[in-house]
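Q: File protein13.csv below, CSV, C-alpha atoms:
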chain,number,residue,atom,x,y,z
A,12,MET,CA,-3.1,-14.4,-30.3
A,13,SER,CA,-4.9,-13.6,-27.1
A,14,GLN,CA,-8.1,-15.2,-28.4
A,15,ILE,CA,-6.3,-18.5,-29.0
A,16,ALA,CA,-4.7,-18.3,-25.5
A,17,TRP,CA,-8.1,-17.5,-24.1
A,18,MET,CA,-9.7,-20.5,-25.9
A,19,ILE,CA,-6.9,-22.8,-24.7
A,20,GLY,CA,-7.5,-21.4,-21.2
A,21,LEU,CA,-11.1,-22.6,-21.3
A,22,ILE,CA,-9.8,-26.2,-21.5
A,23,PRO,CA,-9.3,-27.7,-18.0
A,24,ASP,CA,-5.6,-28.0,-17.0
A,25,ALA,CA,-5.9,-31.7,-16.3
A,26,VAL,CA,-7.3,-32.3,-19.8
A,27,LEU,CA,-4.6,-30.2,-21.4
A,28,SER,CA,-1.9,-32.1,-19.4
A,29,GLY,CA,-3.4,-35.5,-20.5
A,30,LEU,CA,-3.6,-34.3,-24.1
A,31,TYR,CA,0.0,-33.2,-24.2
A,32,TRP,CA,1.1,-36.5,-22.7
A,33,ALA,CA,-1.0,-38.3,-25.3
A,34,ILE,CA,0.7,-36.4,-28.1
A,35,ILE,CA,4.1,-37.3,-26.7
A,36,ALA,CA,3.0,-40.9,-26.4
A,37,ALA,CA,1.7,-40.9,-29.9
A,38,GLY,CA,5.0,-39.4,-31.1
A,39,ILE,CA,7.1,-42.0,-29.3
A,40,THR,CA,4.9,-44.8,-30.7
A,41,GLY,CA,5.2,-43.4,-34.2
A,42,VAL,CA,9.0,-43.1,-34.0
A,43,LEU,CA,9.3,-46.7,-32.5
A,44,ALA,CA,6.8,-48.1,-34.9
A,45,GLY,CA,8.7,-46.5,-37.8
A,46,TRP,CA,12.0,-48.0,-36.5
A,47,LEU,CA,10.7,-51.5,-35.8
A,48,GLY,CA,8.6,-51.5,-39.0
A,49,LYS,CA,11.6,-52.0,-41.1
A,50,TRP,CA,11.8,-55.6,-40.0
A,51,VAL,CA,8.1,-56.4,-40.3
A,52,PRO,CA,7.0,-57.6,-43.7
A,53,PHE,CA,4.4,-55.6,-45.6
A,54,TYR,CA,4.6,-53.0,-42.9
A,55,GLY,CA,7.7,-51.3,-44.2
A,56,ASN,CA,5.6,-49.3,-46.7
A,57,TYR,CA,4.2,-47.2,-43.8
A,58,VAL,CA,7.5,-46.5,-42.2
A,59,LYS,CA,8.1,-43.5,-44.5
A,60,ILE,CA,5.0,-41.9,-43.2
A,61,LEU,CA,5.0,-43.1,-39.6
A,62,GLN,CA,8.5,-42.0,-38.7
A,63,PRO,CA,8.2,-38.3,-39.7
A,64,VAL,CA,4.7,-38.0,-38.3
A,65,GLY,CA,6.0,-39.6,-35.0
A,66,ILE,CA,9.0,-37.1,-34.9
A,67,VAL,CA,6.7,-34.1,-35.5
A,68,LEU,CA,4.2,-35.3,-32.8
A,69,LEU,CA,7.0,-35.9,-30.4
A,70,VAL,CA,8.5,-32.5,-30.9
A,71,LEU,CA,5.1,-30.8,-30.7
A,72,GLY,CA,4.2,-32.8,-27.6
A,73,VAL,CA,7.4,-31.9,-25.8
A,74,TRP,CA,7.1,-28.3,-26.8
A,75,LEU,CA,3.5,-28.1,-25.6
A,76,ARG,CA,4.3,-29.9,-22.4
A,77,GLY,CA,7.2,-27.5,-21.8
A,78,GLY,CA,4.9,-24.6,-22.4
A,79,TYR,CA,2.3,-26.1,-20.0
A,80,ASP,CA,4.9,-26.6,-17.2
A,81,THR,CA,6.2,-23.1,-17.7
A,82,GLU,CA,2.6,-21.8,-17.5
A,83,MET,CA,2.0,-23.7,-14.3
A,84,ALA,CA,5.2,-22.5,-12.8
A,85,TRP,CA,4.2,-18.9,-13.6
A,86,ARG,CA,0.7,-19.4,-12.2
A,87,ALA,CA,2.3,-20.7,-9.0
A,88,LYS,CA,4.5,-17.7,-8.8
A,89,VAL,CA,1.6,-15.3,-9.5
A,90,ALA,CA,-0.5,-17.1,-6.8
A,91,GLU,CA,2.4,-16.7,-4.3
A,92,ALA,CA,2.9,-13.1,-5.2
A,93,GLU,CA,-0.8,-12.4,-4.8
A,94,ALA,CA,-0.8,-14.1,-1.4
A,95,ARG,CA,2.2,-12.0,-0.4
A,96,VAL,CA,0.5,-8.8,-1.6
A,97,ALA,CA,-2.8,-9.7,0.2
A,98,ALA,CA,-0.9,-10.4,3.4
A,99,ALA,CA,1.0,-7.0,3.1
A,100,GLU,CA,-2.3,-5.2,2.5
A,101,GLN,CA,-3.8,-6.8,5.6
A,102,LYS,CA,-0.7,-5.9,7.6
A,103,SER,CA,-0.8,-2.3,6.2
A,104,GLN,CA,-4.4,-2.0,7.4
A,105,GLU,CA,-3.6,-3.3,10.8
A,106,THR,CA,-0.6,-0.9,11.0
A,107,ASN,CA,-2.9,2.0,10.1
A,108,THR,CA,-5.3,1.1,12.8
A,109,VAL,CA,-2.5,1.0,15.4
A,110,ILE,CA,-1.1,4.3,14.2
A,111,GLU,CA,-4.6,5.9,14.2
A,112,GLN,CA,-5.3,4.7,17.7
A,113,LYS,CA,-1.9,6.0,18.9
A,114,ILE,CA,-2.6,9.5,17.4
A,115,VAL,CA,-6.2,9.6,18.7
A,116,GLU,CA,-4.9,8.6,22.2
A,117,LYS,CA,-2.1,11.2,22.1
A,118,THR,CA,-4.5,14.0,20.9
A,119,LYS,CA,-7.0,13.0,23.6
A,120,VAL,CA,-4.3,13.2,26.3
A,121,ILE,CA,-2.9,16.6,25.0
A,122,LYS,CA,-6.4,18.1,24.8
A,123,GLY,CA,-7.2,16.8,28.3
A,124,LYS,CA,-4.0,18.3,29.8
A,125,THR,CA,-4.6,21.6,28.0
A,126,GLU,CA,-8.1,21.7,29.3
A,127,TYR,CA,-6.9,20.8,32.8
A,128,ILE,CA,-4.3,23.6,32.9
A,129,THR,CA,-6.8,26.2,31.6
A,130,GLN,CA,-9.3,25.1,34.2
A,131,TYR,CA,-6.7,25.2,36.9
A,132,LEU,CA,-5.8,28.7,35.8
A,133,ASP,CA,-9.5,29.8,36.0
A,134,ARG,CA,-10.2,27.9,39.2
A,135,GLU,CA,-7.1,28.4,41.4
A,136,VAL,CA,-4.5,30.8,40.0
A,137,VAL,CA,-6.9,33.8,39.5
A,138,LYS,CA,-8.1,33.5,43.0
A,139,LYS,CA,-4.6,34.1,44.5
A,140,GLU,CA,-4.3,37.5,46.1
A,141,GLU,CA,-1.0,38.4,44.5
A,142,ILE,CA,-2.3,37.4,41.1
A,143,ILE,CA,-5.5,39.5,41.5
A,144,LYS,CA,-3.3,42.4,42.5
A,145,TYR,CA,-1.0,41.9,39.5
A,146,ILE,CA,-4.0,41.6,37.1
A,147,GLU,CA,-5.5,44.8,38.4
A,148,GLN,CA,-2.2,46.8,38.3
A,149,CYS,CA,-0.5,45.4,35.2
A,150,PRO,CA,-2.7,44.8,32.1
A,151,VAL,CA,-0.6,43.4,29.2
A,152,PRO,CA,0.5,46.3,26.9
A,153,LYS,CA,-1.0,46.3,23.4
A,154,GLU,CA,2.4,46.1,21.9
A,155,ILE,CA,3.1,42.7,23.6
A,156,ILE,CA,-0.3,41.4,22.4
A,157,ASP,CA,0.5,42.5,18.8
A,158,ILE,CA,3.9,40.8,18.9
A,159,HIS,CA,2.3,37.6,20.2
A,160,ASN,CA,-0.4,37.8,17.5
A,161,GLN,CA,2.2,38.4,14.8
A,162,ALA,CA,4.1,35.4,15.9
A,163,ALA,CA,0.9,33.3,15.8
A,164,ASP,CA,0.5,34.3,12.1
A,165,LEU,CA,4.0,33.3,11.1
A,166,ASN,CA,2.7,30.6,8.9
A,167,LYS,CA,0.9,33.2,6.8
A,168,ALA,CA,4.2,34.9,6.1
A,169,ALA,CA,5.6,31.6,5.0
A,170,GLY,CA,2.7,31.0,2.6
A,171,GLY,CA,0.9,28.5,4.9
A,172,PRO,CA,-2.9,27.8,4.9
A,173,LYS,CA,-5.1,30.7,5.4
A,174,LYS,CA,-8.0,29.8,7.6
B,3,MET,CA,-0.6,-20.1,-45.9
B,4,LYS,CA,-3.6,-20.1,-43.5
B,5,LEU,CA,-2.4,-23.4,-42.0
B,6,THR,CA,1.1,-22.0,-41.6
B,7,SER,CA,-0.3,-18.9,-39.8
B,8,LEU,CA,-2.4,-21.1,-37.5
B,9,VAL,CA,0.5,-23.4,-36.6
B,10,LEU,CA,2.7,-20.3,-36.0
B,11,ALA,CA,-0.1,-18.8,-33.8
B,12,VAL,CA,-0.4,-22.0,-31.8
B,13,PHE,CA,3.4,-22.1,-31.3
B,14,LEU,CA,3.5,-18.6,-30.0
B,15,VAL,CA,0.8,-19.2,-27.4
B,16,GLY,CA,3.6,-20.2,-25.0
B,17,CYS,CA,5.0,-16.6,-25.1
B,18,ALA,CA,1.8,-15.1,-23.6
B,19,THR,CA,2.5,-15.1,-19.9
B,20,PRO,CA,1.0,-11.9,-18.3
B,21,VAL,CA,1.7,-11.2,-14.6
B,22,PRO,CA,-1.5,-9.6,-13.2
B,23,VAL,CA,-0.2,-8.8,-9.7
B,24,SER,CA,-0.1,-5.2,-8.5
B,25,GLN,CA,0.2,-3.7,-5.1
B,26,ARG,CA,-2.3,-1.1,-4.0
B,27,PHE,CA,-1.0,2.2,-2.5
B,28,PRO,CA,-1.6,2.0,1.2
B,29,ASP,CA,-4.4,4.1,2.8
B,30,VAL,CA,-3.6,6.8,5.3
B,31,PRO,CA,-5.3,6.9,8.7
B,32,LYS,CA,-8.0,9.6,8.8
B,33,ALA,CA,-6.4,11.2,11.9
B,34,LEU,CA,-3.3,12.0,9.8
B,35,VAL,CA,-5.0,13.8,7.0
B,36,GLU,CA,-6.6,16.4,9.2
B,37,ARG,CA,-4.8,19.8,8.9
B,38,CYS,CA,-3.1,21.4,11.9
B,39,GLU,CA,-5.2,24.3,13.3
B,40,SER,CA,-3.9,27.8,13.1
B,41,LEU,CA,-2.6,29.2,16.4
B,42,LYS,CA,-4.9,31.3,18.5
B,43,LYS,CA,-4.5,35.1,18.9
B,44,ILE,CA,-5.1,37.3,21.9
B,45,GLU,CA,-8.3,39.3,21.4
B,46,GLY,CA,-8.8,42.8,22.8
B,47,ASP,CA,-6.5,45.7,23.7
B,48,LYS,CA,-6.5,45.5,27.4
B,49,VAL,CA,-5.9,41.9,28.4
B,50,ALA,CA,-5.1,40.4,31.8
B,51,ILE,CA,-1.9,38.3,31.9
B,52,THR,CA,-4.0,35.2,32.8
B,53,GLU,CA,-6.1,35.6,29.6
B,54,MET,CA,-2.9,35.9,27.6
B,55,LEU,CA,-1.5,32.8,29.4
B,56,LYS,CA,-4.6,30.8,28.5
B,57,VAL,CA,-4.1,31.5,24.8
B,58,VAL,CA,-0.4,30.6,25.2
B,59,VAL,CA,-1.4,27.3,26.9
B,60,GLN,CA,-3.9,26.5,24.1
B,61,ASN,CA,-1.3,27.2,21.5
B,62,TYR,CA,1.1,24.9,23.2
B,63,GLY,CA,-1.6,22.2,23.2
B,64,MET,CA,-2.2,22.8,19.5
B,65,TYR,CA,1.5,22.5,18.7
B,66,TYR,CA,1.7,19.1,20.5
B,67,GLU,CA,-1.4,17.9,18.7
B,68,CYS,CA,0.2,18.8,15.4
B,69,ALA,CA,3.5,17.3,16.5
B,70,ALA,CA,1.6,14.0,17.2
B,71,LYS,CA,0.4,14.1,13.6
B,72,VAL,CA,3.9,14.6,12.2
B,73,ASP,CA,5.2,11.8,14.3
B,74,GLY,CA,2.3,9.7,13.1
B,75,TRP,CA,3.2,10.4,9.4
B,76,ASN,CA,6.8,9.4,10.2
B,77,ASP,CA,5.6,6.1,11.8
B,78,TRP,CA,3.2,5.5,9.0
B,79,TYR,CA,5.9,6.0,6.3
B,80,GLN,CA,8.5,3.8,8.1
B,81,GLU,CA,6.0,1.0,8.7
B,82,GLN,CA,4.5,1.1,5.2
B,83,LYS,CA,8.0,1.1,3.7
B,84,ARG,CA,9.0,-1.9,5.8
B,85,ILE,CA,5.8,-3.8,4.7
B,86,TYR,CA,6.2,-2.8,1.0
B,87,GLU,CA,9.8,-4.0,1.0
B,88,SER,CA,8.9,-7.3,2.7
B,89,VAL,CA,6.7,-8.1,-0.4
B,90,LYS,CA,9.6,-7.9,-2.9
Step by step, read the file and then write its structure as structure tokens.
A:
Amino acid sequence: MSQIAWMIGLIPDAVLSGLYWAIIAAGITGVLAGWLGKWVPFYGNYVKILQPVGIVLLVLGVWLRGGYDTEMAWRAKVAEAEARVAAAEQKSQETNTVIEQKIVEKTKVIKGKTEYITQYLDREVVKKEEIIKYIEQCPVPKEIIDIHNQAADLNKAAGGPKK
Amino acid sequence: MKLTSLVLAVFLVGCATPVPVSQRFPDVPKALVERCESLKKIEGDKVAITEMLKVVVQNYGMYYECAAKVDGWNDWYQEQKRIYESVK
């Protein structure tokens, strides 16, 4: 079946359209000739053949023409759907670019601020006398460090990625 | 019989109307597929409060980087859903 459809598909649409109209025209001519032929002398013998052939051709032509129009309507719908999908894919790509830029920008700002705070700590805070005194007199107890480190590993307890 | 089969085959050609349109699953921005880093730990037994603070600050930074990715995933999902639904 698909081979026949494929072979018909090789014929240009304009040729197919013309062919179907020709079949319809031949069918109408056959039916009319069969009807009018009754009153034409010597021609009446062909009426028996012309009329059924004309009817068959007319039905076939109308059926083929209907199929052709349906096919064209489907093709138009497919083309429209393809255009919509292509536009959506384009829009999707553009959206991705915008989102990526937003994340990259946010990450850059966060990294920058983190770096700035860390540098400020090293550059300014540690030079203050009261801070120096505090650092010398009060090292952070190991227990506090352990609790911090355990909290930093909470994802492992929850089965998170092990890095 | 052969002629009947041929005529039947020709008549059924009208039924063959495949619709070859499919929508591709949208790509994800590379920045979103990077995993969030693990939080940093404090190294050493005797640590100054400023060293500890530095690790805390870095961990805050990493949290907000990861939060930006999660927000990015939400934005991506909402936008792609809107685009997908506009095609129907």
Q: Considering all atoms listed in the file, return as a list in words whatever protein or nucleic-acid residues lie within 12 Å of Val35 in chain B, sequence-local ones (same chain, fewer than 2 positions apart) excluded.
A: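 In the requested format, the answer is Glu111 and Ile114 of chain A; Asp29, Val30, Pro31, Lys32, Ala33, Arg37, Cys38, Cys68, Lys71, Val72, Gly74, Trp75 and Trp78 of chain B.
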Q: Determine, for each residue of chain A having at least one atom at most 8 Å from an atom of chain B, the closest pair of atoms and their separation in Å to one decimal, counting all atoms listed in the file; order by chain and ascending number, as a Markdown table.
A:
| residue | atom | partner | partner_atom | distance |
| --- | --- | --- | --- | --- |
| A:Met12 | CA | B:Ala11 | CA | 6.4 |
| A:Ser13 | CA | B:Ala18 | CA | 7.7 |
| A:Ile15 | CA | B:Val15 | CA | 7.3 |
| A:Ala16 | CA | B:Val15 | CA | 5.9 |
| A:Leu75 | CA | B:Gly16 | CA | 7.9 |
| A:Gly78 | CA | B:Gly16 | CA | 5.3 |
| A:Tyr79 | CA | B:Gly16 | CA | 7.8 |
| A:Glu82 | CA | B:Thr19 | CA | 7.1 |
| A:Trp85 | CA | B:Thr19 | CA | 7.6 |
| A:Val89 | CA | B:Val21 | CA | 6.5 |
| A:Ala92 | CA | B:Val23 | CA | 7.0 |
| A:Glu93 | CA | B:Val23 | CA | 6.1 |
| A:Arg95 | CA | B:Val89 | CA | 6.0 |
| A:Val96 | CA | B:Gln25 | CA | 6.2 |
| A:Ala99 | CA | B:Ile85 | CA | 6.0 |
| A:Glu100 | CA | B:Pro28 | CA | 7.3 |
| A:Lys102 | CA | B:Ile85 | CA | 7.4 |
| A:Ser103 | CA | B:Gln82 | CA | 6.4 |
| A:Gln104 | CA | B:Asp29 | CA | 7.6 |
| A:Thr106 | CA | B:Glu81 | CA | 7.2 |
| A:Asn107 | CA | B:Pro31 | CA | 5.6 |
| A:Thr108 | CA | B:Pro31 | CA | 7.1 |
| A:Ile110 | CA | B:Gly74 | CA | 6.5 |
| A:Glu111 | CA | B:Pro31 | CA | 5.6 |
| A:Ile114 | CA | B:Ala70 | CA | 6.2 |
| A:Val115 | CA | B:Ala33 | CA | 7.0 |
| A:Lys117 | CA | B:Ala70 | CA | 6.7 |
| A:Thr118 | CA | B:Glu67 | CA | 5.4 |
| A:Ile121 | CA | B:Gly63 | CA | 6.0 |
| A:Lys122 | CA | B:Gly63 | CA | 6.5 |
| A:Thr125 | CA | B:Gly63 | CA | 5.7 |
| A:Ile128 | CA | B:Val59 | CA | 7.6 |
| A:Thr129 | CA | B:Lys56 | CA | 6.0 |
| A:Leu132 | CA | B:Thr52 | CA | 7.4 |
| A:Val137 | CA | B:Thr52 | CA | 7.4 |
| A:Ile146 | CA | B:Ala50 | CA | 5.5 |
| A:Glu147 | CA | B:Ala50 | CA | 7.9 |
| A:Cys149 | CA | B:Ala50 | CA | 7.6 |
| A:Pro150 | CA | B:Ala50 | CA | 5.0 |
| A:Val151 | CA | B:Val49 | CA | 5.6 |
| A:Pro152 | CA | B:Lys48 | CA | 7.1 |
| A:Lys153 | CA | B:Asp47 | CA | 5.5 |
| A:Ile156 | CA | B:Ile44 | CA | 6.3 |
| A:His159 | CA | B:Lys43 | CA | 7.4 |
| A:Asn160 | CA | B:Lys43 | CA | 5.1 |
| A:Ala163 | CA | B:Leu41 | CA | 5.4 |
| A:Asp164 | CA | B:Leu41 | CA | 7.4 |
| A:Lys174 | CA | B:Ser40 | CA | 7.1 |
Q: What does the structure give for the distance between CA of Ile143 in chain A and CA of Glu126 in chain A, in Å to one decimal?
A: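 Computed distance, CA of Ile143 in chain A to CA of Glu126 in chain A, equals 21.7 Å.
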Q: Just give me the gap between CA of Ile158 in chain A and CA of Ile142 in chain A in Å, one decimal is fine.
A: 23.3 Å
Q: Enter the distance from CA of Trp32 in chain A to CA of Gly72 in chain A, in Å, rounded to one decimal.
A: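 Atom-to-atom, CA of Trp32 in chain A and CA of Gly72 in chain A are spaced 6.9 Å apart.
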Q: Give as a PyMOL selection string the set of residues within 10 Å of the point (5.1, -44.8, -39.7), where distances use the file's coordinates and all atoms listed in the file.
A: chain A and resi 40-49+54-66
Q: Assuming the input is short of atoms at range 119-130 of chain A, produce all heavy atoms for that part as a PDB file, in the frame of the given file.
A:
ATOM      1  N   LYS A 119      -6.022  13.010  22.514  1.00  0.00           N
ATOM      2  CA  LYS A 119      -7.000  13.000  23.600  1.00  0.00           C
ATOM      3  C   LYS A 119      -6.239  13.484  24.918  1.00  0.00           C
ATOM      4  O   LYS A 119      -6.733  14.339  25.666  1.00  0.00           O
ATOM      5  CB  LYS A 119      -7.551  11.636  23.824  1.00  0.00           C
ATOM      6  CG  LYS A 119      -8.820  11.581  24.623  1.00  0.00           C
ATOM      7  CD  LYS A 119      -9.330  10.146  24.618  1.00  0.00           C
ATOM      8  CE  LYS A 119     -10.180   9.893  25.830  1.00  0.00           C
ATOM      9  NZ  LYS A 119     -10.519   8.476  25.964  1.00  0.00           N
ATOM     10  N   VAL A 120      -5.057  12.896  25.150  1.00  0.00           N
ATOM     11  CA  VAL A 120      -4.300  13.200  26.300  1.00  0.00           C
ATOM     12  C   VAL A 120      -3.864  14.715  26.306  1.00  0.00           C
ATOM     13  O   VAL A 120      -4.007  15.444  27.303  1.00  0.00           O
ATOM     14  CB  VAL A 120      -3.032  12.315  26.464  1.00  0.00           C
ATOM     15  CG1 VAL A 120      -2.098  12.802  27.565  1.00  0.00           C
ATOM     16  CG2 VAL A 120      -3.470  10.889  26.743  1.00  0.00           C
ATOM     17  N   ILE A 121      -3.387  15.170  25.152  1.00  0.00           N
ATOM     18  CA  ILE A 121      -2.900  16.600  25.000  1.00  0.00           C
ATOM     19  C   ILE A 121      -4.101  17.528  25.256  1.00  0.00           C
ATOM     20  O   ILE A 121      -3.984  18.505  26.004  1.00  0.00           O
ATOM     21  CB  ILE A 121      -2.293  16.806  23.625  1.00  0.00           C
ATOM     22  CG1 ILE A 121      -0.976  16.031  23.520  1.00  0.00           C
ATOM     23  CG2 ILE A 121      -2.047  18.296  23.387  1.00  0.00           C
ATOM     24  CD1 ILE A 121      -0.453  15.891  22.110  1.00  0.00           C
ATOM     25  N   LYS A 122      -5.244  17.225  24.611  1.00  0.00           N
ATOM     26  CA  LYS A 122      -6.400  18.100  24.800  1.00  0.00           C
ATOM     27  C   LYS A 122      -6.844  18.113  26.270  1.00  0.00           C
ATOM     28  O   LYS A 122      -7.177  19.164  26.822  1.00  0.00           O
ATOM     29  CB  LYS A 122      -7.602  17.573  23.947  1.00  0.00           C
ATOM     30  CG  LYS A 122      -7.581  18.078  22.504  1.00  0.00           C
ATOM     31  CD  LYS A 122      -8.851  17.664  21.789  1.00  0.00           C
ATOM     32  CE  LYS A 122      -8.797  17.859  20.301  1.00  0.00           C
ATOM     33  NZ  LYS A 122      -8.642  19.217  19.847  1.00  0.00           N
ATOM     34  N   GLY A 123      -6.822  16.937  26.888  1.00  0.00           N
ATOM     35  CA  GLY A 123      -7.200  16.800  28.300  1.00  0.00           C
ATOM     36  C   GLY A 123      -6.296  17.645  29.200  1.00  0.00           C
ATOM     37  O   GLY A 123      -6.773  18.380  30.075  1.00  0.00           O
ATOM     38  N   LYS A 124      -4.981  17.542  28.941  1.00  0.00           N
ATOM     39  CA  LYS A 124      -4.000  18.300  29.800  1.00  0.00           C
ATOM     40  C   LYS A 124      -4.170  19.787  29.567  1.00  0.00           C
ATOM     41  O   LYS A 124      -4.093  20.564  30.517  1.00  0.00           O
ATOM     42  CB  LYS A 124      -2.579  17.860  29.374  1.00  0.00           C
ATOM     43  CG  LYS A 124      -2.232  16.463  29.820  1.00  0.00           C
ATOM     44  CD  LYS A 124      -1.313  16.496  31.014  1.00  0.00           C
ATOM     45  CE  LYS A 124      -0.911  15.082  31.415  1.00  0.00           C
ATOM     46  NZ  LYS A 124      -0.230  15.062  32.694  1.00  0.00           N
ATOM     47  N   THR A 125      -4.386  20.190  28.297  1.00  0.00           N
ATOM     48  CA  THR A 125      -4.600  21.600  28.000  1.00  0.00           C
ATOM     49  C   THR A 125      -5.792  22.146  28.739  1.00  0.00           C
ATOM     50  O   THR A 125      -5.749  23.221  29.352  1.00  0.00           O
ATOM     51  CB  THR A 125      -4.758  21.817  26.460  1.00  0.00           C
ATOM     52  OG1 THR A 125      -3.685  21.181  25.788  1.00  0.00           O
ATOM     53  CG2 THR A 125      -4.808  23.280  26.074  1.00  0.00           C
ATOM     54  N   GLU A 126      -6.867  21.357  28.665  1.00  0.00           N
ATOM     55  CA  GLU A 126      -8.100  21.700  29.300  1.00  0.00           C
ATOM     56  C   GLU A 126      -7.894  21.830  30.847  1.00  0.00           C
ATOM     57  O   GLU A 126      -8.357  22.762  31.502  1.00  0.00           O
ATOM     58  CB  GLU A 126      -9.171  20.651  29.016  1.00  0.00           C
ATOM     59  CG  GLU A 126     -10.583  20.979  29.458  1.00  0.00           C
ATOM     60  CD  GLU A 126     -11.212  22.109  28.665  1.00  0.00           C
ATOM     61  OE1 GLU A 126     -10.788  22.347  27.517  1.00  0.00           O
ATOM     62  OE2 GLU A 126     -12.109  22.781  29.220  1.00  0.00           O
ATOM     63  N   TYR A 127      -7.147  20.865  31.372  1.00  0.00           N
ATOM     64  CA  TYR A 127      -6.900  20.800  32.800  1.00  0.00           C
ATOM     65  C   TYR A 127      -6.122  22.078  33.248  1.00  0.00           C
ATOM     66  O   TYR A 127      -6.484  22.722  34.237  1.00  0.00           O
ATOM     67  CB  TYR A 127      -6.112  19.557  33.176  1.00  0.00           C
ATOM     68  CG  TYR A 127      -5.667  19.537  34.617  1.00  0.00           C
ATOM     69  CD1 TYR A 127      -6.575  19.227  35.632  1.00  0.00           C
ATOM     70  CD2 TYR A 127      -4.352  19.860  34.959  1.00  0.00           C
ATOM     71  CE1 TYR A 127      -6.179  19.242  36.955  1.00  0.00           C
ATOM     72  CE2 TYR A 127      -3.954  19.880  36.281  1.00  0.00           C
ATOM     73  CZ  TYR A 127      -4.867  19.559  37.277  1.00  0.00           C
ATOM     74  OH  TYR A 127      -4.479  19.588  38.588  1.00  0.00           O
ATOM     75  N   ILE A 128      -5.075  22.420  32.490  1.00  0.00           N
ATOM     76  CA  ILE A 128      -4.300  23.600  32.900  1.00  0.00           C
ATOM     77  C   ILE A 128      -5.107  24.871  32.782  1.00  0.00           C
ATOM     78  O   ILE A 128      -5.053  25.728  33.666  1.00  0.00           O
ATOM     79  CB  ILE A 128      -3.013  23.708  31.939  1.00  0.00           C
ATOM     80  CG1 ILE A 128      -2.076  22.519  32.197  1.00  0.00           C
ATOM     81  CG2 ILE A 128      -2.249  25.013  32.179  1.00  0.00           C
ATOM     82  CD1 ILE A 128      -0.938  22.393  31.204  1.00  0.00           C
ATOM     83  N   THR A 129      -5.911  24.985  31.715  1.00  0.00           N
ATOM     84  CA  THR A 129      -6.800  26.200  31.600  1.00  0.00           C
ATOM     85  C   THR A 129      -7.765  26.277  32.722  1.00  0.00           C
ATOM     86  O   THR A 129      -7.968  27.358  33.285  1.00  0.00           O
ATOM     87  CB  THR A 129      -7.538  26.082  30.208  1.00  0.00           C
ATOM     88  OG1 THR A 129      -6.603  25.795  29.183  1.00  0.00           O
ATOM     89  CG2 THR A 129      -8.246  27.385  29.872  1.00  0.00           C
ATOM     90  N   GLN A 130      -8.371  25.147  33.070  1.00  0.00           N
ATOM     91  CA  GLN A 130      -9.300  25.100  34.200  1.00  0.00           C
ATOM     92  C   GLN A 130      -8.655  25.468  35.508  1.00  0.00           C
ATOM     93  O   GLN A 130      -9.200  26.198  36.342  1.00  0.00           O
ATOM     94  CB  GLN A 130     -10.040  23.785  34.273  1.00  0.00           C
ATOM     95  CG  GLN A 130     -11.127  23.623  33.217  1.00  0.00           C
ATOM     96  CD  GLN A 130     -11.738  22.242  33.230  1.00  0.00           C
ATOM     97  OE1 GLN A 130     -11.321  21.375  34.000  1.00  0.00           O
ATOM     98  NE2 GLN A 130     -12.721  22.044  32.369  1.00  0.00           N
TER      99      GLN A 130
END
